[in-house]
>>> print(open('run22.pdb').read())   # PDB, C-alpha atoms
ATOM      1  CA  LYS A 278      -5.313   8.292 -49.284
ATOM      2  CA  LEU A 279      -1.838   7.599 -50.612
ATOM      3  CA  LYS A 280      -0.037  10.260 -52.595
ATOM      4  CA  GLY A 281       0.357   9.535 -56.303
ATOM      5  CA  ASP A 282      -2.018   6.657 -56.896
ATOM      6  CA  LYS A 283      -4.859   7.868 -54.636
ATOM      7  CA  LYS A 284      -5.521   4.314 -53.425
ATOM      8  CA  LYS A 285      -6.870   3.566 -49.951
ATOM      9  CA  MET A 286      -4.901   1.365 -47.591
ATOM     10  CA  ALA A 287      -6.599  -2.030 -47.483
ATOM     11  CA  ASN A 288      -7.370  -3.665 -44.116
ATOM     12  CA  LYS A 289      -5.398  -6.848 -43.470
ATOM     13  CA  PRO A 290      -7.608  -9.535 -41.891
ATOM     14  CA  TYR A 291      -6.355 -12.612 -40.050
ATOM     15  CA  ASP A 292      -6.566 -15.627 -42.347
ATOM     16  CA  ASN A 293      -8.350 -18.822 -41.305
ATOM     17  CA  PHE A 294      -8.596 -18.129 -37.557
ATOM     18  CA  VAL A 295     -10.298 -15.900 -35.017
ATOM     19  CA  LEU A 296      -8.053 -13.903 -32.681
ATOM     20  CA  GLY A 297      -9.030 -14.055 -29.030
ATOM     21  CA  ASN A 298      -7.457 -11.730 -26.455
ATOM     22  CA  GLU A 299      -7.350 -13.700 -23.209
ATOM     23  CA  ILE A 300      -4.893 -12.638 -20.544
ATOM     24  CA  LYS A 301      -4.553 -15.010 -17.618
ATOM     25  CA  ASP A 302      -5.107 -13.373 -14.257
ATOM     26  CA  GLN A 303      -1.752 -13.518 -12.503
ATOM     27  CA  LEU A 304      -2.491 -11.423  -9.438
ATOM     28  CA  VAL A 305      -1.573 -13.147  -6.194
ATOM     29  CA  SER A 306      -4.020 -10.882  -4.371
ATOM     30  CA  HIS A 307      -6.886  -8.842  -5.805
ATOM     31  CA  LEU A 308      -6.951  -6.593  -2.736
ATOM     32  CA  ASN A 309      -5.920  -2.963  -2.988
ATOM     33  CA  HIS A 310      -3.052  -2.716  -0.526
ATOM     34  CA  SER A 311      -3.820   0.957   0.215
ATOM     35  CA  ILE A 312      -6.581  -0.315   2.516
ATOM     36  CA  PHE A 313      -4.022  -2.042   4.735
ATOM     37  CA  CYS A 314      -1.161   0.434   5.050
ATOM     38  CA  LYS A 315      -0.133   4.077   4.943
ATOM     39  CA  ALA A 316       1.824   5.578   2.042
ATOM     40  CA  ASP A 317       4.723   8.022   2.333
ATOM     41  CA  THR A 318       5.989   9.356  -1.016
ATOM     42  CA  ASP A 319       8.991  11.284   0.356
ATOM     43  CA  LEU A 320      11.540   8.464   0.369
ATOM     44  CA  VAL A 321      15.070   9.824  -0.204
ATOM     45  CA  GLY A 322      18.042   7.691  -1.214
ATOM     46  CA  THR A 323      18.935   4.982  -3.651
ATOM     47  CA  VAL A 324      18.960   1.205  -3.729
ATOM     48  CA  GLY A 325      20.885  -0.402  -0.869
ATOM     49  CA  MET A 326      20.879   2.674   1.356
ATOM     50  CA  GLU A 327      19.626   2.169   4.886
ATOM     51  CA  LYS A 328      16.414   3.564   6.345
ATOM     52  CA  HIS A 329      16.252   3.423  10.132
ATOM     53  CA  ILE A 330      12.788   2.980  11.621
ATOM     54  CA  HIS A 331      12.387   4.098  15.253
ATOM     55  CA  ARG A 332       9.378   2.746  17.129
ATOM     56  CA  TYR A 333       8.905   5.215  19.963
ATOM     57  CA  PHE A 334       7.077   4.817  23.223
ATOM     58  CA  GLY A 335       6.783   7.063  26.256
ATOM     59  CA  GLN A 336       7.380   5.899  29.804
ATOM     60  CA  VAL A 337       7.570   7.380  33.273
ATOM     61  CA  GLY A 338      11.241   7.653  34.138
ATOM     62  CA  THR A 339      11.255   7.455  37.930
ATOM     63  CA  ASP A 340       8.967   4.505  38.587
ATOM     64  CA  ALA A 341       6.743   1.949  36.880
ATOM     65  CA  THR A 342       3.453   3.801  37.293
ATOM     66  CA  ALA A 343       1.375   4.195  34.171
ATOM     67  CA  SER A 344       1.001   7.984  34.229
ATOM     68  CA  GLY A 345       3.375  10.891  34.677
ATOM     69  CA  ALA A 346       0.590  13.363  35.367
ATOM     70  CA  GLU A 347       0.411  14.374  39.044
ATOM     71  CA  GLU A 348      -1.965  16.454  41.120
ATOM     72  CA  LEU A 349       0.156  19.123  42.821
ATOM     73  CA  ALA A 350      -0.258  21.371  45.826
ATOM     74  CA  VAL A 351       0.592  25.073  45.694
ATOM     75  CA  GLY A 352       4.324  25.535  45.172
ATOM     76  CA  ALA A 353       4.980  21.835  44.525
ATOM     77  CA  GLY A 354       6.490  20.359  41.364
ATOM     78  CA  ASN A 355       6.499  17.030  39.594
ATOM     79  CA  THR A 356       8.287  14.128  41.199
ATOM     80  CA  LYS A 357       8.166  12.022  38.032
ATOM     81  CA  SER A 358       9.265  12.681  34.470
ATOM     82  CA  ILE A 359       8.156  11.162  31.185
ATOM     83  CA  GLU A 360      10.973   9.873  29.021
ATOM     84  CA  ALA A 361      10.965   8.682  25.419
ATOM     85  CA  SER A 362      12.706   5.563  24.239
ATOM     86  CA  PHE A 363      12.589   3.526  21.067
ATOM     87  CA  THR A 364      13.518   0.311  19.408
ATOM     88  CA  GLU A 365      15.248   0.485  16.050
ATOM     89  CA  GLU A 366      15.003  -1.664  12.952
ATOM     90  CA  ILE A 367      17.134  -1.098   9.877
ATOM     91  CA  TYR A 368      15.661  -1.533   6.409
ATOM     92  CA  LYS A 369      17.368  -1.187   3.045
ATOM     93  CA  ILE A 370      15.822   0.678   0.141
ATOM     94  CA  LYS A 371      14.741  -1.787  -2.522
ATOM     95  CA  LEU A 372      14.773  -1.321  -6.252
ATOM     96  CA  VAL A 373      12.254  -3.702  -7.789
ATOM     97  CA  GLN A 374      12.143  -3.845 -11.562
ATOM     98  CA  ALA A 375      10.426  -5.949 -14.187
ATOM     99  CA  ASN A 376      10.816  -5.745 -17.942
ATOM    100  CA  GLY A 377       9.148  -7.106 -21.043
ATOM    101  CA  VAL A 378      10.510  -7.451 -24.578
ATOM    102  CA  TRP A 379       8.890  -7.710 -28.019
ATOM    103  CA  HIS A 380       9.808  -6.877 -31.596
ATOM    104  CA  ASP A 381       7.949  -4.748 -34.105
ATOM    105  CA  GLU A 382       7.175  -7.878 -36.096
ATOM    106  CA  ASP A 383       5.523  -9.471 -33.040
ATOM    107  CA  GLU A 384       3.202  -6.490 -32.677
ATOM    108  CA  MET A 385       2.374  -6.571 -36.386
ATOM    109  CA  LYS A 386       1.295 -10.199 -36.076
ATOM    110  CA  ASP A 387      -0.592  -9.700 -32.809
ATOM    111  CA  PRO A 388      -1.329  -6.150 -31.544
ATOM    112  CA  TYR A 389      -2.247  -7.487 -28.084
ATOM    113  CA  ILE A 390       1.328  -8.564 -27.298
ATOM    114  CA  PRO A 391       2.515  -5.155 -25.922
ATOM    115  CA  PHE A 392      -0.637  -4.854 -23.804
ATOM    116  CA  THR A 393      -0.196  -8.374 -22.417
ATOM    117  CA  ILE A 394       3.447  -7.726 -21.551
ATOM    118  CA  SER A 395       2.712  -4.368 -19.892
ATOM    119  CA  LYS A 396      -0.035  -5.931 -17.778
ATOM    120  CA  LYS A 397       2.323  -8.686 -16.646
ATOM    121  CA  VAL A 398       5.055  -6.163 -15.757
ATOM    122  CA  GLY A 399       2.624  -4.184 -13.588
ATOM    123  CA  THR A 400       1.177  -7.346 -12.045
ATOM    124  CA  ASP A 401       4.564  -8.665 -10.975
ATOM    125  CA  LEU A 402       5.508  -5.345  -9.346
ATOM    126  CA  PHE A 403       2.167  -5.264  -7.510
ATOM    127  CA  ASN A 404       2.610  -8.856  -6.287
ATOM    128  CA  LYS A 405       6.125  -8.139  -4.996
ATOM    129  CA  LEU A 406       5.009  -5.053  -3.094
ATOM    130  CA  ASN A 407       2.002  -6.876  -1.625
ATOM    131  CA  ALA A 408       4.233  -9.726  -0.454
ATOM    132  CA  ASP A 409       6.538  -7.269   1.352
ATOM    133  CA  ILE A 410       3.586  -5.510   3.022
ATOM    134  CA  VAL A 411       2.120  -8.781   4.273
ATOM    135  CA  GLY A 412       5.580  -9.863   5.426
ATOM    136  CA  GLU A 413       5.722  -6.819   7.715
ATOM    137  CA  PHE A 414       2.474  -7.861   9.427
ATOM    138  CA  GLY A 415       4.218 -11.159  10.111
ATOM    139  CA  LYS A 416       6.717  -9.281  12.330
ATOM    140  CA  ALA A 417       3.980  -8.364  14.819
ATOM    141  CA  THR A 418       5.070  -8.838  18.431
ATOM    142  CA  ILE A 419       1.526  -9.364  19.725
ATOM    143  CA  THR A 420       0.717 -13.017  19.034
ATOM    144  CA  THR A 421      -2.170 -15.313  19.896
ATOM    145  CA  ALA A 422      -2.622 -18.998  19.147
ATOM    146  CA  VAL A 423      -6.063 -20.114  18.006
ATOM    147  CA  THR A 424      -7.089 -22.932  20.324
ATOM    148  CA  GLY A 425      -8.971 -25.572  18.367
ATOM    149  CA  THR A 426     -11.643 -23.735  16.415
ATOM    150  CA  ASP A 427     -12.095 -20.834  18.829
ATOM    151  CA  PHE A 428     -11.358 -18.068  16.320
ATOM    152  CA  PHE A 429     -13.758 -15.661  17.985
ATOM    153  CA  GLY A 430     -12.099 -16.046  21.388
ATOM    154  CA  ALA A 431      -8.615 -15.626  19.921
ATOM    155  CA  ILE A 432      -9.599 -12.456  18.073
ATOM    156  CA  VAL A 433     -11.252 -10.928  21.151
ATOM    157  CA  GLU A 434      -8.231 -11.755  23.326
ATOM    158  CA  THR A 435      -5.905 -10.227  20.740
ATOM    159  CA  GLN A 436      -7.936  -7.037  20.452
ATOM    160  CA  ALA A 437      -7.611  -6.568  24.202
ATOM    161  CA  GLN A 438      -3.808  -6.469  23.834
ATOM    162  CA  MET A 439      -3.775  -3.924  21.011
ATOM    163  CA  LYS A 440      -3.629  -0.197  21.682
ATOM    164  CA  THR A 441      -6.167   0.901  19.112
ATOM    165  CA  ASP A 442      -9.772   1.800  18.552
ATOM    166  CA  PHE A 443     -11.573   0.110  15.697
ATOM    167  CA  THR A 444     -14.555   0.746  13.488
ATOM    168  CA  GLU A 445     -16.622  -1.574  11.329
ATOM    169  CA  ASP A 446     -16.282   0.661   8.248
ATOM    170  CA  PRO A 447     -13.391  -0.476   6.000
ATOM    171  CA  SER A 448     -14.157   1.972   3.190
ATOM    172  CA  THR A 449     -12.342   4.802   4.975
ATOM    173  CA  GLY A 450      -9.217   2.697   5.504
ATOM    174  CA  ASN A 451      -9.457   3.240   9.263
ATOM    175  CA  GLY A 452     -11.113   0.000  10.316
ATOM    176  CA  MET A 453      -9.538  -2.961  12.039
ATOM    177  CA  PHE A 454      -9.176  -5.853   9.631
ATOM    178  CA  LEU A 455      -8.383  -9.546   9.735
ATOM    179  CA  LEU A 456      -6.284 -10.760   6.788
ATOM    180  CA  VAL A 457      -6.400 -14.515   6.055
ATOM    181  CA  ASN A 458      -5.628 -16.807   3.148
ATOM    182  CA  PRO A 459      -8.413 -18.861   1.479
ATOM    183  CA  LYS A 460      -7.564 -22.092   3.320
ATOM    184  CA  ASN A 461      -7.715 -20.462   6.744
ATOM    185  CA  TYR A 462     -10.805 -18.502   5.763
ATOM    186  CA  ALA A 463     -12.572 -21.794   5.112
ATOM    187  CA  LYS A 464     -11.664 -22.916   8.650
ATOM    188  CA  LEU A 465     -12.880 -19.582   9.996
ATOM    189  CA  ARG A 466     -16.257 -19.893   8.272
ATOM    190  CA  LYS A 467     -16.773 -23.454   9.487
ATOM    191  CA  ALA A 468     -15.857 -22.528  13.053
ATOM    192  CA  LEU A 469     -18.004 -19.408  13.294
ATOM    193  CA  GLY A 470     -21.032 -20.482  11.310
ATOM    194  CA  GLU A 471     -23.754 -17.887  11.682
ATOM    195  CA  ASN A 472     -21.513 -15.643  13.797
ATOM    196  CA  LEU A 473     -19.786 -14.424  10.632
ATOM    197  CA  LYS A 474     -21.889 -11.505   9.423
ATOM    198  CA  TYR A 475     -21.965 -10.485   5.761
ATOM    199  CA  VAL A 476     -22.516  -6.981   4.425
ATOM    200  CA  GLU A 477     -23.174  -6.868   0.671
ATOM    201  CA  SER A 478     -22.210  -3.225   0.163
ATOM    202  CA  PHE A 479     -18.552  -3.941   0.901
ATOM    203  CA  SER A 480     -18.145  -6.714  -1.683
ATOM    204  CA  ARG A 481     -16.453  -4.326  -4.115
ATOM    205  CA  VAL A 482     -13.384  -4.019  -1.846
ATOM    206  CA  GLY A 483     -13.052  -7.699  -1.055
ATOM    207  CA  TYR A 484     -14.638  -7.381   2.379
ATOM    208  CA  VAL A 485     -16.441 -10.606   3.244
ATOM    209  CA  GLY A 486     -17.707 -10.225   6.793
ATOM    210  CA  THR A 487     -16.924  -9.204  10.365
ATOM    211  CA  VAL A 488     -15.648 -11.049  13.387
ATOM    212  CA  ALA A 489     -15.809  -9.151  16.690
ATOM    213  CA  GLY A 490     -15.903  -5.890  14.729
ATOM    214  CA  ALA A 491     -12.902  -6.721  12.542
ATOM    215  CA  ASN A 492     -13.464  -6.775   8.783
ATOM    216  CA  VAL A 493     -12.336 -10.023   7.145
ATOM    217  CA  PHE A 494     -10.305  -9.904   3.923
ATOM    218  CA  VAL A 495      -9.046 -12.928   1.996
ATOM    219  CA  SER A 496      -5.704 -12.888   0.178
ATOM    220  CA  ASN A 497      -3.333 -15.506  -1.193
ATOM    221  CA  ALA A 498      -0.475 -13.237  -0.101
ATOM    222  CA  CYS A 499      -1.197 -14.201   3.523
ATOM    223  CA  PRO A 500       0.703 -17.380   4.488
ATOM    224  CA  ASP A 501      -1.020 -20.566   5.558
ATOM    225  CA  GLY A 502      -1.205 -21.002   9.339
ATOM    226  CA  GLU A 503      -1.203 -17.277  10.111
ATOM    227  CA  ALA A 504      -3.774 -14.482  10.155
ATOM    228  CA  TYR A 505      -3.100 -10.801  10.791
ATOM    229  CA  LEU A 506      -5.293  -8.496  12.874
ATOM    230  CA  ALA A 507      -4.347  -4.865  12.340
ATOM    231  CA  THR A 508      -5.238  -1.350  11.251
ATOM    232  CA  ASN A 509      -3.683   0.551   8.360
ATOM    233  CA  GLU A 510      -1.552   2.495  10.852
ATOM    234  CA  ALA A 511       0.671  -0.521  11.490
ATOM    235  CA  VAL A 512       2.615  -0.651   8.215
ATOM    236  CA  THR A 513       3.970   2.238   6.149
ATOM    237  CA  VAL A 514       5.237   1.980   2.572
ATOM    238  CA  PHE A 515       7.834   4.633   1.746
ATOM    239  CA  TYR A 516       7.929   5.343  -2.003
ATOM    240  CA  LYS A 517      10.404   7.299  -4.069
ATOM    241  CA  ALA A 518       8.870   9.966  -6.279
ATOM    242  CA  MET A 519      10.781   8.808  -9.399
ATOM    243  CA  ASP A 520       8.959   5.471  -9.632
ATOM    244  CA  LYS A 521       7.888   5.050 -13.248
ATOM    245  CA  ALA A 522       7.469   2.879 -16.300
ATOM    246  CA  GLU A 523       9.780   3.450 -19.244
ATOM    247  CA  LEU A 524       9.324   2.210 -22.799
ATOM    248  CA  VAL A 525      12.385   1.865 -25.016
ATOM    249  CA  ASP A 526      10.535   1.965 -28.354
ATOM    250  CA  GLU A 527      10.897   3.372 -31.829
ATOM    251  CA  GLY A 528      11.376   6.915 -30.576
ATOM    252  CA  ASN A 529      14.456   6.289 -28.424
ATOM    253  CA  ARG A 530      15.968   2.985 -29.546
ATOM    254  CA  ALA A 531      19.660   2.986 -30.415
ATOM    255  CA  GLY A 532      22.285   0.613 -31.724
ATOM    256  CA  ASP A 533      21.341  -3.042 -31.819
ATOM    257  CA  GLU A 534      17.814  -2.427 -30.493
ATOM    258  CA  ALA A 535      17.098  -0.106 -33.417
ATOM    259  CA  ASN A 536      18.689  -2.538 -35.836
ATOM    260  CA  THR A 537      16.595  -5.483 -34.627
ATOM    261  CA  ARG A 538      13.408  -3.412 -34.005
ATOM    262  CA  LYS A 539      13.335  -4.466 -30.356
ATOM    263  CA  ASN A 540      11.014  -2.820 -27.810
ATOM    264  CA  THR A 541      11.677  -3.032 -24.067
ATOM    265  CA  LEU A 542       9.277  -1.927 -21.321
ATOM    266  CA  TYR A 543      10.727  -1.334 -17.855
ATOM    267  CA  GLY A 544       8.620  -0.909 -14.732
ATOM    268  CA  ARG A 545      10.446  -0.040 -11.524
ATOM    269  CA  ALA A 546       9.863   1.117  -7.977
ATOM    270  CA  TYR A 547      12.110   2.261  -5.121
ATOM    271  CA  TYR A 548      10.468   1.607  -1.779
ATOM    272  CA  VAL A 549      10.664   0.386   1.807
ATOM    273  CA  ALA A 550       7.757  -1.443   3.466
ATOM    274  CA  ALA A 551       8.077  -1.291   7.236
ATOM    275  CA  LEU A 552       6.142  -2.128  10.392
ATOM    276  CA  THR A 553       6.138   1.349  11.928
ATOM    277  CA  ASP A 554       3.611   0.877  14.760
ATOM    278  CA  ALA A 555       3.763  -2.551  16.347
ATOM    279  CA  THR A 556       0.903  -1.709  18.726
ATOM    280  CA  LYS A 557      -1.518  -1.692  15.783
ATOM    281  CA  ALA A 558      -0.805  -5.203  14.473
ATOM    282  CA  ALA A 559      -1.069  -8.741  15.831
ATOM    283  CA  LYS A 560      -0.517 -12.247  14.525
ATOM    284  CA  LEU A 561      -2.818 -15.227  15.037
ATOM    285  CA  THR A 562      -1.294 -18.663  14.587
ATOM    286  CA  ILE A 563      -3.640 -21.356  13.319
ATOM    287  CA  ALA A 564      -2.983 -25.047  13.776
TER     288      ALA A 564
END
>>> encode(input="run22.pdb", output="structure tokens")
Amino acid sequence: KLKGDKKKMANKPYDNFVLGNEIKDQLVSHLNHSIFCKADTDLVGTVGMEKHIHRYFGQVGTDATASGAEELAVGAGNTKSIEASFTEEIYKIKLVQANGVWHDEDEMKDPYIPFTISKKVGTDLFNKLNADIVGEFGKATITTAVTGTDFFGAIVETQAQMKTDFTEDPSTGNGMFLLVNPKNYAKLRKALGENLKYVESFSRVGYVGTVAGANVFVSNACPDGEAYLATNEAVTVFYKAMDKAELVDEGNRAGDEANTRKNTLYGRAYYVAALTDATKAAKLTIA
């Protein structure tokens, strides 16, 4: 009730039309990228600073034999030593930001406008991060060309080159997966026919079948002509703890924004997506 006249505030209906809230789906990929990579939330630094990624491997220093372990007689010592070496790749910390703007009058006319803008801000950040993650799989040094329609043979040959165990359970995030775009997935289905096995219980995570024990996921973020066979140990996304969304609204507007009743929503993230274990990822090229 209002003070003084004790009248109730009347509801204001929309005149002569029905309001429909329809937000177009703008996700490039509906897949949760946490299935395909590891997350590290301890990123330190600011935009433009370098992060050096060392990919280590151990080798026997004195000869080319595969093992440095030796069977020794009494009083004898090792004749070989294991040494560590690495390759280095330099990444720069990225600041990715999106913002949306609306005025108080816009929200009065249509209360869905702030929600629509906030969804779009989050969607664009998600799409950018997904694109960078998929781009790291594209750096895989293990590569196999699919000959004709022999997808099964190419996948089996590629698995033999990878230093990893795999499981057929993708729900734990530990399984080997095959990431393809819709066009290449159509080729895969036609080539394999009944060899592509479907498991209904995994439909909620976008899992559509298995090939040689690898779970198949479809994403528009994967480029045409390539497919990636990997585990989630291949790529790491380093996040900064201060990632957040910030709304410049009625409570903290100043100057011209307060004068014009302007609202601005910022969504931002500091991160580095990097291929940290090249032995756990491979690239299939598809003619």
>>> closest_residue(input="run22.pdb", among="A:Glu348, A:Glu365, A:Glu360, A:Asp317", to="A:Ile330", atoms="only C-alpha atoms")
A:Glu365
>>> resolve_selection(input="run22.pdb", expression="the PyMOL selection byres ((chain A and resi 456-467) around 7)", output="list of chain:residue names")
A:Phe428, A:Phe454, A:Leu455, A:Ala468, A:Leu469, A:Gly470, A:Leu473, A:Val493, A:Phe494, A:Val495, A:Ser496, A:Asn497, A:Cys499, A:Pro500, A:Asp501, A:Ala504, A:Tyr505, A:Leu506
>>> resolve_selection(input="run22.pdb", expression="the PyMOL selection byres ((chain A and resi 366) around 12)", output="list in words")
Glu327, Lys328, His329, Ile330, His331, Arg332, Tyr333, Phe363, Thr364, Glu365, Ile367, Tyr368, Lys369, Glu413, Lys416, Ala550, Ala551, Leu552, Thr553, Asp554 and Ala555 of chain A
>>> closest_residue(input="run22.pdb", among="A:Gln436, A:Ser362, A:Asn376, A:Asn536", to="A:Thr420", atoms="all atoms listed in the file")
A:Gln436
>>> resolve_selection(input="run22.pdb", expression="the PyMOL selection byres ((chain A and resi 318-326) around 8)", output="short mmCIF file (atom, residue, chain, number, x, y, z; two decimals) with C-alpha atoms, in the coordinates of the input")
data_model
loop_
_atom_site.label_atom_id
_atom_site.label_comp_id
_atom_site.auth_asym_id
_atom_site.auth_seq_id
_atom_site.Cartn_x
_atom_site.Cartn_y
_atom_site.Cartn_z
CA ALA A 316 1.82 5.58 2.04
CA ASP A 317 4.72 8.02 2.33
CA GLU A 327 19.63 2.17 4.89
CA LYS A 328 16.41 3.56 6.34
CA LYS A 369 17.37 -1.19 3.04
CA ILE A 370 15.82 0.68 0.14
CA LYS A 371 14.74 -1.79 -2.52
CA LEU A 372 14.77 -1.32 -6.25
CA PHE A 515 7.83 4.63 1.75
CA TYR A 516 7.93 5.34 -2.00
CA LYS A 517 10.40 7.30 -4.07
CA ALA A 518 8.87 9.97 -6.28
CA TYR A 547 12.11 2.26 -5.12
CA TYR A 548 10.47 1.61 -1.78
#
>>> closest_residue(input="run22.pdb", among="A:Thr424, A:Ser395, A:Ser344, A:Asn404", to="A:Thr356", atoms="all atoms listed in the file")
A:Ser344
>>> residues_near_point(input="run22.pdb", point="(-0.5, 4.6, 9.0)", cutoff="6 Å", atoms="only C-alpha atoms", output="PyMOL selection string")
chain A and resi 314-315+509-511+513
>>> write_last_selection(input="run22.pdb", atoms="C-alpha atoms", output="PDB file, keeping the file's coordinate frame")
ATOM      1  CA  CYS A 314      -1.161   0.434   5.050  1.00  0.00           C
ATOM      2  CA  LYS A 315      -0.133   4.077   4.943  1.00  0.00           C
ATOM      3  CA  ASN A 509      -3.683   0.551   8.360  1.00  0.00           C
ATOM      4  CA  GLU A 510      -1.552   2.495  10.852  1.00  0.00           C
ATOM      5  CA  ALA A 511       0.671  -0.521  11.490  1.00  0.00           C
ATOM      6  CA  THR A 513       3.970   2.238   6.149  1.00  0.00           C
TER       7      THR A 513
END
>>> atom_distance(input="run22.pdb", atom1="atom CA of A:Ala491", atom2="atom CA of A:Thr441")
12.1 Å
>>> closest_residue(input="run22.pdb", among="A:Ala535, A:Glu347, A:Thr435, A:Gln374", to="A:Ala422", atoms="all atoms listed in the file")
A:Thr435
>>> atom_distance(input="run22.pdb", atom1="atom CA of A:Asp409", atom2="atom CA of A:Gln438")
24.8 Å
>>> build_atoms(input="run22.pdb", residues="stretch 551-558 of chain A", atoms="all heavy atoms", output="PDB file, in the coordinates of the input")
ATOM      1  N   ALA A 551       7.594  -1.125   5.868  1.00  0.00           N
ATOM      2  CA  ALA A 551       8.077  -1.291   7.236  1.00  0.00           C
ATOM      3  C   ALA A 551       6.928  -1.298   8.234  1.00  0.00           C
ATOM      4  O   ALA A 551       5.950  -0.556   8.090  1.00  0.00           O
ATOM      5  CB  ALA A 551       9.055  -0.161   7.600  1.00  0.00           C
ATOM      6  N   LEU A 552       7.066  -2.146   9.253  1.00  0.00           N
ATOM      7  CA  LEU A 552       6.142  -2.128  10.392  1.00  0.00           C
ATOM      8  C   LEU A 552       6.541  -0.958  11.275  1.00  0.00           C
ATOM      9  O   LEU A 552       7.547  -1.021  11.986  1.00  0.00           O
ATOM     10  CB  LEU A 552       6.233  -3.447  11.158  1.00  0.00           C
ATOM     11  CG  LEU A 552       5.340  -3.583  12.391  1.00  0.00           C
ATOM     12  CD1 LEU A 552       3.872  -3.596  12.015  1.00  0.00           C
ATOM     13  CD2 LEU A 552       5.696  -4.843  13.183  1.00  0.00           C
ATOM     14  N   THR A 553       5.777   0.120  11.221  1.00  0.00           N
ATOM     15  CA  THR A 553       6.138   1.349  11.928  1.00  0.00           C
ATOM     16  C   THR A 553       5.405   1.525  13.253  1.00  0.00           C
ATOM     17  O   THR A 553       5.797   2.363  14.062  1.00  0.00           O
ATOM     18  CB  THR A 553       5.872   2.570  11.030  1.00  0.00           C
ATOM     19  OG1 THR A 553       4.553   2.481  10.480  1.00  0.00           O
ATOM     20  CG2 THR A 553       6.880   2.624   9.889  1.00  0.00           C
ATOM     21  N   ASP A 554       4.331   0.792  13.485  1.00  0.00           N
ATOM     22  CA  ASP A 554       3.611   0.877  14.760  1.00  0.00           C
ATOM     23  C   ASP A 554       3.177  -0.524  15.161  1.00  0.00           C
ATOM     24  O   ASP A 554       2.119  -1.011  14.740  1.00  0.00           O
ATOM     25  CB  ASP A 554       2.408   1.802  14.641  1.00  0.00           C
ATOM     26  CG  ASP A 554       1.774   2.106  16.001  1.00  0.00           C
ATOM     27  OD1 ASP A 554       2.060   1.366  16.975  1.00  0.00           O
ATOM     28  OD2 ASP A 554       0.989   3.068  16.102  1.00  0.00           O
ATOM     29  N   ALA A 555       4.009  -1.159  15.970  1.00  0.00           N
ATOM     30  CA  ALA A 555       3.763  -2.551  16.347  1.00  0.00           C
ATOM     31  C   ALA A 555       2.573  -2.713  17.282  1.00  0.00           C
ATOM     32  O   ALA A 555       2.099  -3.838  17.490  1.00  0.00           O
ATOM     33  CB  ALA A 555       5.006  -3.147  17.005  1.00  0.00           C
ATOM     34  N   THR A 556       2.076  -1.615  17.850  1.00  0.00           N
ATOM     35  CA  THR A 556       0.903  -1.709  18.726  1.00  0.00           C
ATOM     36  C   THR A 556      -0.386  -1.855  17.938  1.00  0.00           C
ATOM     37  O   THR A 556      -1.439  -2.126  18.501  1.00  0.00           O
ATOM     38  CB  THR A 556       0.793  -0.475  19.642  1.00  0.00           C
ATOM     39  OG1 THR A 556       0.493   0.680  18.843  1.00  0.00           O
ATOM     40  CG2 THR A 556       2.089  -0.236  20.399  1.00  0.00           C
ATOM     41  N   LYS A 557      -0.315  -1.656  16.612  1.00  0.00           N
ATOM     42  CA  LYS A 557      -1.518  -1.692  15.783  1.00  0.00           C
ATOM     43  C   LYS A 557      -1.601  -2.953  14.924  1.00  0.00           C
ATOM     44  O   LYS A 557      -2.390  -3.012  13.984  1.00  0.00           O
ATOM     45  CB  LYS A 557      -1.549  -0.456  14.868  1.00  0.00           C
ATOM     46  CG  LYS A 557      -1.486   0.881  15.618  1.00  0.00           C
ATOM     47  CD  LYS A 557      -2.701   1.090  16.501  1.00  0.00           C
ATOM     48  CE  LYS A 557      -2.579   2.360  17.322  1.00  0.00           C
ATOM     49  NZ  LYS A 557      -2.548   3.565  16.514  1.00  0.00           N
ATOM     50  N   ALA A 558      -0.787  -3.954  15.253  1.00  0.00           N
ATOM     51  CA  ALA A 558      -0.805  -5.203  14.473  1.00  0.00           C
ATOM     52  C   ALA A 558      -0.596  -6.397  15.407  1.00  0.00           C
ATOM     53  O   ALA A 558       0.102  -6.301  16.410  1.00  0.00           O
ATOM     54  CB  ALA A 558       0.274  -5.189  13.395  1.00  0.00           C
TER      55      ALA A 558
END
